[in-house]
Structures are given as C-alpha cells and as structure tokens.
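Next comes structure11.cif, with mmCIF, C-alpha atoms.
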```cif
data_start
#
loop_
_atom_site.label_atom_id
_atom_site.label_comp_id
_atom_site.auth_asym_id
_atom_site.auth_seq_id
_atom_site.Cartn_x
_atom_site.Cartn_y
_atom_site.Cartn_z
CA THR A 18 35.42 17.01 7.43
CA ILE A 19 34.71 15.49 10.84
CA GLN A 20 36.20 17.22 13.89
CA ALA A 21 36.70 15.13 17.04
CA ARG A 22 37.63 15.94 20.66
CA LEU A 23 38.13 13.31 23.35
CA THR A 24 37.97 14.32 27.05
CA SER A 25 38.10 12.47 30.38
CA ASP A 26 37.22 13.40 33.96
CA SER A 27 38.04 12.12 37.45
CA SER A 28 35.26 9.51 37.35
CA GLU A 29 37.02 7.91 34.38
CA GLN A 30 34.15 8.85 32.11
CA GLN A 31 35.33 9.62 28.61
CA ARG A 32 33.49 11.89 26.19
CA LEU A 33 34.01 12.00 22.44
CA LEU A 34 32.59 15.08 20.72
CA LEU A 35 32.09 14.90 16.95
CA THR A 36 30.95 17.69 14.60
CA ALA A 37 30.63 17.53 10.85
CA GLN A 38 28.70 18.57 7.76
CA THR A 39 28.32 15.52 5.55
CA PRO A 40 26.75 15.10 2.10
CA LEU A 41 23.67 12.92 1.77
CA ALA A 42 23.11 11.47 -1.69
CA MET A 43 20.53 8.69 -1.62
CA GLN A 44 18.69 9.24 -4.87
CA GLU A 45 15.60 7.26 -3.88
CA ILE A 46 15.30 8.82 -0.40
CA ALA A 47 17.02 12.19 0.07
CA GLN A 48 19.72 14.57 -1.18
CA GLY A 49 21.55 17.53 0.31
CA THR A 50 24.00 18.40 3.10
CA LEU A 51 23.48 17.37 6.73
CA PRO A 52 25.12 19.43 9.51
CA TRP A 53 25.30 17.35 12.68
CA ARG A 54 26.83 17.22 16.15
CA ALA A 55 27.28 14.11 18.31
CA GLU A 56 28.56 13.31 21.78
CA VAL A 57 29.54 9.78 22.81
CA LYS A 58 30.02 8.86 26.48
CA PHE A 59 32.01 5.77 27.49
CA LEU A 60 30.97 4.71 31.00
CA PRO A 61 32.83 2.29 33.33
CA ASN A 62 30.04 -0.32 33.28
CA GLU A 63 30.57 -1.01 29.55
CA LEU A 64 27.65 1.28 28.73
CA ILE A 65 27.91 3.65 25.80
CA GLN A 66 25.53 6.62 25.57
CA ILE A 67 25.05 8.61 22.38
CA GLN A 68 23.45 12.02 21.92
CA ALA A 69 23.28 13.83 18.61
CA SER A 70 21.41 16.55 16.74
CA ALA A 71 21.11 17.29 13.04
CA ASP A 72 19.66 20.18 11.04
CA VAL A 73 17.56 18.65 8.28
CA ASN A 74 16.57 21.92 6.57
CA GLN A 75 19.24 21.43 3.93
CA ILE A 76 17.99 17.94 3.10
CA LYS A 77 15.49 17.51 0.27
CA LEU A 78 13.37 14.40 0.75
CA SER A 79 12.42 12.47 -2.37
CA ALA A 80 8.83 11.48 -3.05
CA PRO A 81 7.00 9.80 -1.45
CA PHE A 82 8.92 10.45 1.81
CA ALA A 83 8.18 14.16 1.57
CA ASN A 84 4.50 13.38 2.17
CA LEU A 85 5.24 11.94 5.62
CA PHE A 86 7.53 14.58 7.09
CA SER A 87 7.36 18.36 7.15
CA THR A 88 10.31 20.62 7.94
CA SER A 89 10.34 24.13 9.37
CA ASN A 90 12.92 26.83 10.04
CA ASP A 91 14.00 25.03 13.21
CA ALA A 92 13.66 21.43 12.06
CA ILE A 93 16.28 19.80 14.28
CA TRP A 94 16.33 16.08 14.89
CA GLN A 95 17.51 15.02 18.35
CA VAL A 96 19.02 11.55 18.54
CA LYS A 97 19.75 9.48 21.66
CA GLY A 98 21.14 5.99 21.96
CA VAL A 99 22.31 3.40 24.48
CA TRP A 100 24.64 0.54 23.58
CA GLN A 101 25.45 -2.24 26.03
CA GLN A 102 26.91 -5.59 25.05
CA ASP A 103 24.59 -7.11 22.40
CA GLN A 104 21.75 -4.55 22.52
CA PHE A 105 21.45 -1.09 21.02
CA LYS A 106 18.53 1.31 21.55
CA LEU A 107 18.27 4.35 19.30
CA SER A 108 15.56 7.02 19.41
CA ALA A 109 15.10 10.29 17.53
CA GLN A 110 12.56 13.09 17.51
CA ASP A 111 11.79 16.52 16.10
CA LYS A 112 8.87 18.81 16.97
CA GLN A 113 6.29 16.48 15.38
CA TRP A 114 7.62 12.93 15.33
CA GLN A 115 9.39 10.43 17.54
CA LEU A 116 11.20 7.36 16.23
CA HIS A 117 12.16 4.43 18.47
CA THR A 118 14.30 1.47 17.41
CA GLN A 119 15.83 -1.48 19.22
CA TRP A 120 18.58 -3.65 17.74
CA LEU A 121 19.96 -7.03 18.81
CA ASN A 122 23.39 -8.32 17.88
CA SER A 123 23.31 -11.91 16.64
CA LEU A 124 26.33 -14.00 15.75
CA THR A 125 26.50 -12.56 12.23
CA ASP A 126 24.80 -9.15 12.17
CA TRP A 127 22.51 -6.65 13.88
CA GLN A 128 18.76 -7.29 13.70
CA LEU A 129 16.00 -4.72 14.11
CA ILE A 130 13.57 -6.15 16.71
CA ASN A 131 11.43 -3.06 17.36
CA LEU A 132 10.51 0.06 15.37
CA SER A 133 7.90 2.73 16.12
CA LEU A 134 7.21 6.00 14.33
CA LEU A 135 4.65 8.06 16.23
CA PRO A 136 3.43 11.63 16.64
CA LEU A 137 5.32 13.28 19.49
CA LYS A 138 2.31 13.34 21.87
CA THR A 139 1.69 9.60 21.58
CA THR A 140 3.23 7.39 24.22
CA HIS A 141 5.38 4.52 23.04
CA THR A 142 5.03 1.01 24.44
CA PRO A 143 7.78 -1.25 23.15
CA ALA A 144 6.84 -4.75 22.04
CA LYS A 145 9.07 -7.59 20.97
CA GLN A 146 9.46 -7.94 17.20
CA SER A 147 6.90 -5.22 16.49
CA ILE A 148 6.39 -2.09 14.45
CA LYS A 149 3.91 0.73 14.98
CA LEU A 150 3.43 3.58 12.51
CA VAL A 151 0.99 6.48 12.74
CA LEU A 152 0.96 8.28 9.40
CA PRO A 153 -0.90 11.21 7.77
CA LYS A 154 -2.35 11.12 4.24
CA VAL A 155 -0.43 8.60 2.15
CA ASN A 156 -0.34 8.35 -1.65
CA GLY A 157 -0.28 4.60 -2.26
CA ASP A 158 0.37 4.91 -6.01
CA MET A 159 3.47 6.99 -5.35
CA TRP A 160 4.78 4.54 -2.75
CA LEU A 161 4.10 1.59 -5.03
CA SER A 162 6.00 3.27 -7.88
CA TRP A 163 8.90 4.06 -5.52
CA TRP A 164 8.98 0.49 -4.22
CA GLU A 165 9.17 -0.95 -7.74
CA ARG A 166 12.04 1.40 -8.61
CA TYR A 167 13.79 0.52 -5.35
CA GLN A 168 13.54 -3.23 -5.98
CA ALA A 169 14.76 -2.75 -9.55
CA ASN A 170 17.94 -1.11 -8.20
CA THR A 171 18.63 -3.62 -5.43
CA ALA A 172 18.99 -7.35 -5.07
CA SER A 173 16.14 -7.41 -2.55
CA VAL A 174 12.92 -9.16 -3.54
CA GLY A 175 10.87 -8.35 -0.47
CA VAL A 176 10.78 -7.19 3.12
CA ASP A 177 10.34 -9.54 6.06
CA LEU A 178 7.42 -8.45 8.22
CA THR A 179 7.98 -8.14 11.94
CA GLU A 180 6.23 -10.63 14.19
CA ARG A 181 3.35 -8.21 14.70
CA GLY A 182 2.56 -4.64 13.78
CA HIS A 183 0.09 -1.79 13.47
CA ILE A 184 -0.14 1.01 10.89
CA SER A 185 -2.77 3.73 10.99
CA MET A 186 -3.28 6.38 8.30
CA THR A 187 -5.66 9.34 8.18
CA GLN A 188 -6.11 8.72 4.44
CA PHE A 189 -4.74 6.21 1.95
CA ASP A 190 -5.13 6.82 -1.81
CA LEU A 191 -4.61 3.93 -4.24
CA MET A 192 -5.71 3.43 -7.87
CA GLY A 193 -8.27 6.21 -7.77
CA GLN A 194 -9.75 5.08 -4.44
CA SER A 195 -9.58 7.02 -1.17
CA PHE A 196 -9.71 5.12 2.12
CA HIS A 197 -10.09 7.11 5.36
CA ALA A 198 -9.09 6.34 8.97
CA VAL A 199 -7.26 3.18 7.83
CA ASN A 200 -5.95 0.72 10.42
CA LEU A 201 -3.74 -2.22 9.47
CA ASP A 202 -2.80 -4.93 11.98
CA TRP A 203 -0.82 -8.07 11.27
CA GLN A 204 0.47 -11.15 13.06
CA LYS A 205 3.02 -13.64 11.73
CA GLY A 206 2.92 -17.31 12.58
CA GLN A 207 5.25 -20.21 11.99
CA GLU A 208 6.29 -21.51 8.55
CA ASN A 209 5.18 -18.52 6.48
CA THR A 210 1.69 -18.18 7.94
CA GLY A 211 -0.08 -15.09 9.22
CA TRP A 212 -2.91 -12.60 8.85
CA LEU A 213 -3.46 -8.93 8.07
CA LYS A 214 -6.60 -7.09 9.18
CA ILE A 215 -7.85 -4.03 7.29
CA GLN A 216 -10.31 -1.60 8.86
CA SER A 217 -11.74 1.65 7.50
CA PRO A 218 -15.20 3.06 6.67
CA GLU A 219 -14.70 2.00 3.03
CA VAL A 220 -13.28 -1.50 3.52
CA ASN A 221 -13.15 -4.17 6.22
CA GLY A 222 -11.57 -7.58 5.97
CA THR A 223 -8.74 -10.00 6.59
CA LEU A 224 -5.93 -11.36 4.42
CA ASN A 225 -4.64 -14.79 5.48
CA TRP A 226 -1.60 -16.53 4.02
CA GLN A 227 -0.08 -19.98 4.36
CA GLY A 228 2.91 -20.82 2.23
CA GLU A 229 2.29 -19.47 -1.28
CA GLY A 230 -1.51 -19.51 -0.94
CA MET A 231 -3.40 -16.36 0.11
CA LYS A 232 -7.07 -15.75 0.99
CA LEU A 233 -8.69 -12.32 1.13
CA HIS A 234 -12.11 -11.98 2.72
CA LEU A 235 -13.82 -8.58 2.83
CA SER A 236 -17.07 -8.03 4.70
CA ASN A 237 -17.70 -4.78 2.82
CA LEU A 238 -16.02 -2.67 0.13
CA LEU A 239 -16.91 0.69 -1.38
CA PHE A 240 -15.45 1.01 -4.89
CA LYS A 241 -15.75 4.09 -7.08
CA HIS A 242 -15.22 3.66 -10.81
CA GLN A 243 -15.20 6.39 -13.42
CA ILE A 244 -15.69 5.22 -17.01
CA LEU A 245 -13.66 7.31 -19.44
CA SER A 246 -13.00 6.75 -23.13
CA VAL A 247 -9.50 7.03 -24.56
CA ALA A 248 -10.32 10.54 -25.85
CA GLU A 249 -11.67 11.61 -22.44
CA LYS A 250 -8.57 10.32 -20.69
CA LYS A 251 -6.35 12.30 -23.05
CA ALA A 252 -8.47 15.43 -22.57
CA GLU A 253 -8.20 15.18 -18.78
CA GLY A 254 -4.51 14.31 -18.89
CA ALA A 255 -5.17 10.95 -17.24
CA PRO A 256 -2.95 8.00 -18.19
CA GLN A 257 -4.63 5.94 -20.88
CA CYS A 258 -3.27 2.66 -19.57
CA ARG A 259 -1.12 1.69 -16.60
CA THR A 260 2.24 0.12 -17.37
CA PRO A 261 2.19 -3.41 -15.89
CA SER A 262 4.66 -3.98 -13.08
CA SER A 263 7.32 -6.67 -13.32
CA ARG A 264 6.31 -8.47 -10.12
CA VAL A 265 4.47 -11.78 -10.39
CA TRP A 266 0.91 -11.84 -9.09
CA PRO A 267 0.42 -14.13 -6.09
CA LYS A 268 -2.11 -16.94 -6.03
CA LEU A 269 -5.07 -15.32 -4.28
CA SER A 270 -8.58 -16.46 -3.40
CA VAL A 271 -10.98 -13.51 -2.96
CA SER A 272 -14.41 -13.36 -1.33
CA ILE A 273 -16.46 -10.20 -0.69
CA ASP A 274 -19.73 -10.27 1.24
CA LYS A 275 -20.97 -6.89 0.00
CA LEU A 276 -19.59 -4.55 -2.68
CA LEU A 277 -21.05 -1.09 -3.12
CA LEU A 278 -20.08 -0.03 -6.65
CA GLU A 279 -20.35 3.64 -7.66
CA THR A 280 -20.00 4.04 -11.44
CA TRP A 281 -19.36 7.54 -12.82
CA ARG A 282 -19.99 8.24 -16.49
CA GLU A 283 -20.78 11.54 -18.20
CA SER A 284 -21.58 13.32 -14.91
CA ARG A 285 -23.94 10.54 -13.85
CA ILE A 286 -23.50 8.40 -10.73
CA VAL A 287 -25.01 4.91 -10.71
CA THR A 288 -24.84 2.86 -7.50
CA SER A 289 -25.09 -0.93 -7.47
CA GLU A 290 -24.94 -3.29 -4.50
CA LEU A 291 -23.42 -6.70 -5.23
CA THR A 292 -23.15 -9.62 -2.81
CA ASN A 293 -21.42 -12.98 -2.45
CA ILE A 294 -18.50 -12.14 -4.76
CA ASN A 295 -15.84 -14.82 -5.34
CA ALA A 296 -12.76 -14.92 -7.57
CA GLN A 297 -9.47 -16.79 -8.06
CA ILE A 298 -6.48 -14.62 -9.02
CA LYS A 299 -3.19 -16.01 -10.30
CA GLN A 300 -0.43 -15.60 -12.87
CA GLN A 301 0.98 -18.27 -15.17
CA GLY A 302 3.89 -17.11 -17.28
CA SER A 303 2.98 -13.73 -18.78
CA VAL A 304 -0.78 -14.25 -18.35
CA ARG A 305 -2.47 -12.70 -15.34
CA SER A 306 -6.00 -13.90 -14.71
CA ALA A 307 -9.05 -13.61 -12.49
CA LYS A 308 -11.06 -16.81 -12.87
CA ASP A 309 -14.41 -18.07 -11.60
CA ILE A 310 -15.61 -14.57 -10.75
CA GLU A 311 -19.14 -14.77 -9.38
CA PHE A 312 -21.42 -12.09 -7.95
CA ARG A 313 -25.10 -11.41 -7.51
CA SER A 314 -27.61 -8.82 -6.41
CA LYS A 315 -31.32 -9.15 -5.64
CA THR A 316 -32.20 -9.73 -9.32
CA LEU A 317 -28.78 -10.33 -10.96
CA ALA A 318 -26.38 -13.28 -11.20
CA ALA A 319 -23.15 -13.24 -13.24
CA LYS A 320 -20.00 -15.25 -13.91
CA LEU A 321 -16.83 -13.84 -15.49
CA ASP A 322 -13.32 -14.93 -16.52
CA TRP A 323 -10.61 -12.37 -17.30
CA ASP A 324 -7.14 -12.94 -18.80
CA TRP A 325 -4.45 -10.31 -19.36
CA ASP A 326 -1.36 -11.25 -21.35
CA ILE A 327 1.20 -8.62 -20.33
CA ALA A 328 3.58 -9.81 -23.08
CA SER A 329 1.16 -9.06 -25.92
CA GLN A 330 -0.65 -6.37 -23.88
CA ARG A 331 -4.10 -7.72 -24.58
CA SER A 332 -7.07 -8.64 -22.37
CA SER A 333 -9.96 -11.03 -22.90
CA LEU A 334 -13.16 -11.19 -20.86
CA PHE A 335 -15.90 -13.81 -20.86
CA ILE A 336 -19.25 -12.83 -19.32
CA ASN A 337 -22.34 -14.93 -18.65
CA ALA A 338 -25.09 -13.02 -16.84
CA ARG A 339 -28.81 -12.92 -16.25
CA ALA A 340 -30.92 -10.18 -14.69
CA GLU A 341 -34.64 -10.12 -13.95
CA GLN A 342 -34.52 -6.36 -14.48
CA ALA A 343 -32.27 -5.30 -17.38
CA ILE A 344 -31.31 -2.08 -15.64
CA ASP A 345 -29.49 -4.04 -12.90
CA LEU A 346 -27.06 -5.35 -15.51
CA THR A 347 -26.69 -2.34 -17.80
CA ARG A 348 -26.10 0.11 -14.94
CA LEU A 349 -22.93 -1.79 -14.02
CA VAL A 350 -21.30 -0.44 -17.17
CA GLY A 351 -22.84 3.02 -16.87
CA ILE A 352 -25.57 2.62 -19.54
CA ASP A 353 -28.53 2.38 -17.19
CA ASN A 354 -30.89 4.05 -19.72
CA ALA A 355 -30.07 1.69 -22.61
CA ILE A 356 -32.78 -0.89 -21.86
CA ASN A 357 -35.86 -0.11 -19.81
CA SER A 358 -37.69 -2.81 -17.82
CA GLY A 359 -37.76 -6.44 -18.92
CA SER A 360 -35.31 -9.26 -18.19
CA ILE A 361 -32.03 -9.82 -19.97
CA GLU A 362 -29.62 -12.70 -20.46
CA LEU A 363 -26.30 -12.38 -22.23
CA SER A 364 -23.12 -14.25 -23.04
CA SER A 365 -20.13 -12.33 -24.35
CA LEU A 366 -16.47 -12.85 -25.23
CA GLN A 367 -14.56 -9.58 -25.55
CA SER A 368 -10.98 -8.61 -26.29
CA TRP A 369 -9.15 -5.28 -26.21
CA PRO A 370 -5.60 -3.88 -25.98
CA GLY A 371 -4.24 -3.32 -22.46
CA GLY A 372 -5.57 -4.12 -19.01
CA LEU A 373 -8.88 -3.39 -17.30
CA ASP A 374 -8.08 0.33 -17.07
CA CYS A 375 -7.77 0.40 -20.89
CA TYR A 376 -11.32 -0.89 -21.40
CA ASP A 377 -13.02 1.22 -24.08
CA SER A 378 -16.19 0.17 -25.92
CA ARG A 379 -14.78 1.60 -29.17
CA LEU A 380 -11.71 -0.66 -29.03
CA ILE A 381 -13.47 -3.94 -28.22
CA SER A 382 -13.67 -6.89 -30.59
CA GLY A 383 -15.55 -10.12 -29.92
CA SER A 384 -19.01 -11.63 -29.82
CA LEU A 385 -22.24 -10.95 -27.94
CA ASP A 386 -25.31 -13.15 -27.59
CA MET A 387 -28.18 -11.36 -25.82
CA ARG A 388 -31.82 -12.08 -25.18
CA ALA A 389 -34.12 -9.44 -23.69
CA ASP A 390 -37.79 -9.99 -22.85
CA ASP A 391 -40.52 -7.39 -22.39
CA GLY A 392 -38.16 -4.42 -22.58
CA VAL A 393 -37.62 -1.25 -24.55
CA LEU A 394 -34.30 -0.45 -26.27
CA SER A 395 -33.92 3.27 -25.70
CA GLU A 396 -30.24 3.68 -26.66
CA ALA A 397 -28.13 2.00 -29.31
#
```
Would you encode the structure as structure tokens?
Amino acid sequence: TIQARLTSDSSEQQRLLLTAQTPLAMQEIAQGTLPWRAEVKFLPNELIQIQASADVNQIKLSAPFANLFSTSNDAIWQVKGVWQQDQFKLSAQDKQWQLHTQWLNSLTDWQLINLSLLPLKTTHTPAKQSIKLVLPKVNGDMWLSWWERYQANTASVGVDLTERGHISMTQFDLMGQSFHAVNLDWQKGQENTGWLKIQSPEVNGTLNWQGEGMKLHLSNLLFKHQILSVAEKKAEGAPQCRTPSSRVWPKLSVSIDKLLLETWRESRIVTSELTNINAQIKQQGSVRSAKDIEFRSKTLAAKLDWDWDIASQRSSLFINARAEQAIDLTRLVGIDNAINSGSIELSSLQSWPGGLDCYDSRLISGSLDMRADDGVLSEA
C-alpha cells in the first residue's frame, strides 16, 4: 500500500510525500520486501526534484550481484533526482557505493547516456555516453552463467556498449584463471567498430572489432593449467566437462607475443614460455574450431587444428610439432620426464568425447607418428 500526501506553501512549491513497503520479486536479481520513502518537489521553473531512501536489509540479492554489494544493519540507500524537460539525473548512494545516471528523452523513449558506479570516496566526473565501474573481486564464471540464463529468459541478444567506458576490478576469476588489478577500457567508433584494452599483471592486450570480424592481440599472457583425469576430477568434485553454451562463437583472429604456461600435474609445476602464437577461431553450424594454431619457443615449433562438434559432443585435434629438445614438447602436456634429451618430431590426430576441458589420455582414440633421436624413453 502506498500512502501519499500533497502539500503546498506560499511560494507555490508543491511537495508530494510517498511512503510504502513494496515486494521485489526479480528472480535473476533480487527478492524480498523493500520499505521506502520518497519526496517529490514541483518547482515553478518546471523543475522536479526527487529525494528518496530505502532500507535494503530485507532484500536478498541473487548471485552474482551479492558479490558486488554488502549490506549492514543500517544499509540505507539514499536516492536523489532532478527532472527538467527532456533530461533526468538520478543518483543513489549507501555507506560504500555511489551510483550516478543521466537519462535523455528522445522522441520514442528514454536513453541512458551516462552511468557510473564508484566507491563513495571516489569523485565522479560525468562524460557523455560513458560508463565507469570500480568493482571488487568478481567471479566471471558466475556472471557468465547468469548472463546466459538472463538471455534465455528474454528476447535480448546483447547489450549495446556505451560510446566509451572504464571498468576496474581488484580480481577477476574466469575458467580457473585469476587476474588481478584488472583495467578494461573501450571506445566505440562508427559502423560497428571499436576497441577494448585489457591491462593486468597476468594479461595485456587489445581487442579490435570491425563489423563481424574481431582481432585479439595480447603482448603477454600468464595461463595456469591443471591436468586432471576423469577420476581425479570426480574425486575433487570438479566438473568433468563444461556444458557448451548456446551462443555462437564469433569469428576471431588471435595473436599472442608471449605466453607463459604453467602446467600442474600430480603436484608438479612445469613452466613453458611460448612465443609468436597465432590462431583463427570460428564456428560453422555446430562445429566450433581453432584453426592454423602456431606457436614456438627457443627449440620448439608446432602447428595445431582443433574442432569441437557440440552436437555430437566430440573433439578432434591435429598436431604437427618438432623440438630440438624432447623435454620442450613433452613438458607441455605434463610428462616432462617421459623422454630425456634428444630431438623429437611427431604428427598426431586425436579424438575424444567433449571439449578441451574433457581431454583425458585414457579416453583418446587416434593415431600417432613419432620420431625421436638420441633420447632415452624413461616412462611409457
């Protein structure tokens, strides 16, 4: 029930006071009851001022939103707004966060032209068609899962980026990787062009797009990979295979100047440095592929092609590689003690059920041609 009281004074200023306790049932965002109080002032110069407060303690945020906001015993959101003709400015804050938005009324609807979510102590500088977010630790897998569920329940197929923007995160976790002090900046151009810059100690690079084509160039990337068998995954409670998403992979050209690969297997850590990595990623029908994959190190050169048919749930991988020192090749798959010294050259076509995360040597079928010179086979 909403209670309303309208008052007026000698200056012809009218005040409308509203109080209510309304249910909030947005399954993908929040649930609960929201007590709120609002005051609306109608001024003679066609200016409308809004002030409101709401107690959010009775609201339960759904994951992953709960990771971004924390409530306390006095978690009250203060809201202020100004509406004049075709512009509306709305800001809100609690003890930790401040949210600023600016809306513009077009001929058909209201458009959001500015949004900033910042810690309370950070000053806000508005910019046309921009967004600025300063976030704590973010679970990227959880957000990705939420976004896929959200799109499945709506007619939306995407979100239009603002003209420019900046997002910073203290930590961003995605697919078993942790990226720290992450900064994302983007700029949109005309006719579906633009760029996105990524900066953190673990990864640096730029994503450019023009039409449907995308190019990702990374100057450096630290990637940690733990090799687990199906039995080990079950023992640790880890998912054996990821369920493929329904979204279509974009056409993407990838180049990486330097990749530092840390492979974990049976409590051993093997580090490899790879350079000049190139790949072409695309999807045709139900087949997702990474073609023309090339990389090298000081003594290693390799070419790979990978296909993943999500309809039949089966992957195939073709490898052609040569290493002057066998250990440079075998350590990539965590078997650095299998062949000691000597050179090695191999060509292999492998197939297994599932995607790359389902790779298990005991489930592979295919062929392997290998030639090793002047080496010792220490494991079989």
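Atom pair atom CA of Phe335 of chain A / atom CA of Lys308 of chain A: separated by 9.8 Å.
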Running the PyMOL selection byres ((chain A and resi 307) around 12) on this model by hand, what would come out? Give it as a PDB file with C-alpha atoms, keeping the file's coordinate frame.
```
ATOM      1  CA  TRP A 266       0.910 -11.840  -9.090  1.00  0.00           C
ATOM      2  CA  PRO A 267       0.420 -14.130  -6.090  1.00  0.00           C
ATOM      3  CA  LYS A 268      -2.110 -16.940  -6.030  1.00  0.00           C
ATOM      4  CA  LEU A 269      -5.070 -15.320  -4.280  1.00  0.00           C
ATOM      5  CA  SER A 270      -8.580 -16.460  -3.400  1.00  0.00           C
ATOM      6  CA  VAL A 271     -10.980 -13.510  -2.960  1.00  0.00           C
ATOM      7  CA  ASN A 295     -15.840 -14.820  -5.340  1.00  0.00           C
ATOM      8  CA  ALA A 296     -12.760 -14.920  -7.570  1.00  0.00           C
ATOM      9  CA  GLN A 297      -9.470 -16.790  -8.060  1.00  0.00           C
ATOM     10  CA  ILE A 298      -6.480 -14.620  -9.020  1.00  0.00           C
ATOM     11  CA  LYS A 299      -3.190 -16.010 -10.300  1.00  0.00           C
ATOM     12  CA  GLN A 300      -0.430 -15.600 -12.870  1.00  0.00           C
ATOM     13  CA  GLN A 301       0.980 -18.270 -15.170  1.00  0.00           C
ATOM     14  CA  VAL A 304      -0.780 -14.250 -18.350  1.00  0.00           C
ATOM     15  CA  ARG A 305      -2.470 -12.700 -15.340  1.00  0.00           C
ATOM     16  CA  SER A 306      -6.000 -13.900 -14.710  1.00  0.00           C
ATOM     17  CA  LYS A 308     -11.060 -16.810 -12.870  1.00  0.00           C
ATOM     18  CA  ASP A 309     -14.410 -18.070 -11.600  1.00  0.00           C
ATOM     19  CA  ILE A 310     -15.610 -14.570 -10.750  1.00  0.00           C
ATOM     20  CA  GLU A 311     -19.140 -14.770  -9.380  1.00  0.00           C
ATOM     21  CA  LYS A 320     -20.000 -15.250 -13.910  1.00  0.00           C
ATOM     22  CA  LEU A 321     -16.830 -13.840 -15.490  1.00  0.00           C
ATOM     23  CA  ASP A 322     -13.320 -14.930 -16.520  1.00  0.00           C
ATOM     24  CA  TRP A 323     -10.610 -12.370 -17.300  1.00  0.00           C
ATOM     25  CA  ASP A 324      -7.140 -12.940 -18.800  1.00  0.00           C
ATOM     26  CA  TRP A 325      -4.450 -10.310 -19.360  1.00  0.00           C
ATOM     27  CA  ASP A 326      -1.360 -11.250 -21.350  1.00  0.00           C
ATOM     28  CA  SER A 332      -7.070  -8.640 -22.370  1.00  0.00           C
ATOM     29  CA  SER A 333      -9.960 -11.030 -22.900  1.00  0.00           C
ATOM     30  CA  LEU A 334     -13.160 -11.190 -20.860  1.00  0.00           C
ATOM     31  CA  PHE A 335     -15.900 -13.810 -20.860  1.00  0.00           C
ATOM     32  CA  LEU A 373      -8.880  -3.390 -17.300  1.00  0.00           C
TER      33      LEU A 373
END
```
ask   = Could you write out as a ChimeraX atom specification the residues that the PyMOL selection byres ((chain A and resi 51) around 8) matches in the shown file?
value = /A:38-41,49-50,52-53,71-73,75-76
key: Point-to-point distance from atom CA of Ser360 of chain A to atom CA of Ile381 of chain A, Å rounded to tenths   =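 Between these atoms lies a distance of 24.6 Å.
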Interatomic distance, atom CA of Lys97 of chain A to atom CA of Gln110 of chain A (Å, one decimal) =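 Rounded to one decimal, the two atoms are 9.1 Å apart.
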Dig up all the protein and nucleic acid residues within 7 Å of (11.9, 6.7, 22.7) in the file frame, using all atoms listed in the file, and format them as an mmCIF file with C-alpha atoms, in the frame of the given file.
```cif
data_model
loop_
_atom_site.group_PDB
_atom_site.id
_atom_site.type_symbol
_atom_site.label_atom_id
_atom_site.label_comp_id
_atom_site.auth_asym_id
_atom_site.auth_seq_id
_atom_site.Cartn_x
_atom_site.Cartn_y
_atom_site.Cartn_z
ATOM 1 C CA SER A 108 15.560 7.020 19.410
ATOM 2 C CA GLN A 115 9.390 10.430 17.540
ATOM 3 C CA LEU A 116 11.200 7.360 16.230
ATOM 4 C CA HIS A 117 12.160 4.430 18.470
ATOM 5 C CA HIS A 141 5.380 4.520 23.040
#
```
For the structure provided, state which residues fall under the PyMOL selection byres ((chain A and resi 113) around 6), and present them as an mmCIF file with C-alpha atoms, keeping the file's coordinate frame.
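Okay, this is what ended up in result.cif:
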```
data_model
loop_
_atom_site.group_PDB
_atom_site.id
_atom_site.type_symbol
_atom_site.label_atom_id
_atom_site.label_comp_id
_atom_site.auth_asym_id
_atom_site.auth_seq_id
_atom_site.Cartn_x
_atom_site.Cartn_y
_atom_site.Cartn_z
ATOM 1 C CA ASP A 111 11.790 16.520 16.100
ATOM 2 C CA LYS A 112 8.870 18.810 16.970
ATOM 3 C CA TRP A 114 7.620 12.930 15.330
ATOM 4 C CA PRO A 136 3.430 11.630 16.640
ATOM 5 C CA LEU A 137 5.320 13.280 19.490
#
```
query = Counting all atoms listed in the file, which of A:Val155, A:His242, A:Ile327, A:Lys205 gets nearest to Gly193 of chain A?
reply = A:His242
Can you give me N, CA, C and O atoms for segment 233-244 of chain A, written as a CSV table (one decimal), keeping the file's coordinate frame?
```csv
chain,number,residue,atom,x,y,z
A,233,LEU,N,-8.2,-13.7,0.7
A,233,LEU,CA,-8.7,-12.3,1.1
A,233,LEU,C,-10.2,-12.4,1.3
A,233,LEU,O,-10.9,-12.7,0.3
A,234,HIS,N,-10.7,-12.0,2.5
A,234,HIS,CA,-12.1,-12.0,2.7
A,234,HIS,C,-12.5,-10.6,3.2
A,234,HIS,O,-11.9,-10.1,4.2
A,235,LEU,N,-13.4,-9.9,2.5
A,235,LEU,CA,-13.8,-8.6,2.8
A,235,LEU,C,-15.3,-8.6,3.2
A,235,LEU,O,-16.1,-9.2,2.4
A,236,SER,N,-15.7,-8.1,4.3
A,236,SER,CA,-17.1,-8.0,4.7
A,236,SER,C,-17.8,-6.9,3.9
A,236,SER,O,-19.0,-7.1,3.6
A,237,ASN,N,-17.1,-5.9,3.6
A,237,ASN,CA,-17.7,-4.8,2.8
A,237,ASN,C,-16.6,-4.0,2.1
A,237,ASN,O,-15.5,-3.9,2.6
A,238,LEU,N,-17.0,-3.5,0.9
A,238,LEU,CA,-16.0,-2.7,0.1
A,238,LEU,C,-16.8,-1.6,-0.7
A,238,LEU,O,-17.8,-2.0,-1.3
A,239,LEU,N,-16.4,-0.4,-0.5
A,239,LEU,CA,-16.9,0.7,-1.4
A,239,LEU,C,-15.9,1.0,-2.5
A,239,LEU,O,-14.8,1.3,-2.2
A,240,PHE,N,-16.3,0.8,-3.7
A,240,PHE,CA,-15.4,1.0,-4.9
A,240,PHE,C,-16.1,2.0,-5.8
A,240,PHE,O,-17.2,1.9,-6.3
A,241,LYS,N,-15.3,3.1,-6.2
A,241,LYS,CA,-15.8,4.1,-7.1
A,241,LYS,C,-15.0,3.9,-8.4
A,241,LYS,O,-13.8,3.9,-8.4
A,242,HIS,N,-15.8,3.9,-9.5
A,242,HIS,CA,-15.2,3.7,-10.8
A,242,HIS,C,-15.7,4.7,-11.8
A,242,HIS,O,-16.9,4.9,-11.9
A,243,GLN,N,-14.8,5.4,-12.4
A,243,GLN,CA,-15.2,6.4,-13.4
A,243,GLN,C,-14.9,5.8,-14.8
A,243,GLN,O,-13.7,5.5,-15.1
A,244,ILE,N,-15.9,5.7,-15.7
A,244,ILE,CA,-15.7,5.2,-17.0
A,244,ILE,C,-15.3,6.4,-17.9
A,244,ILE,O,-16.1,7.3,-18.1
```
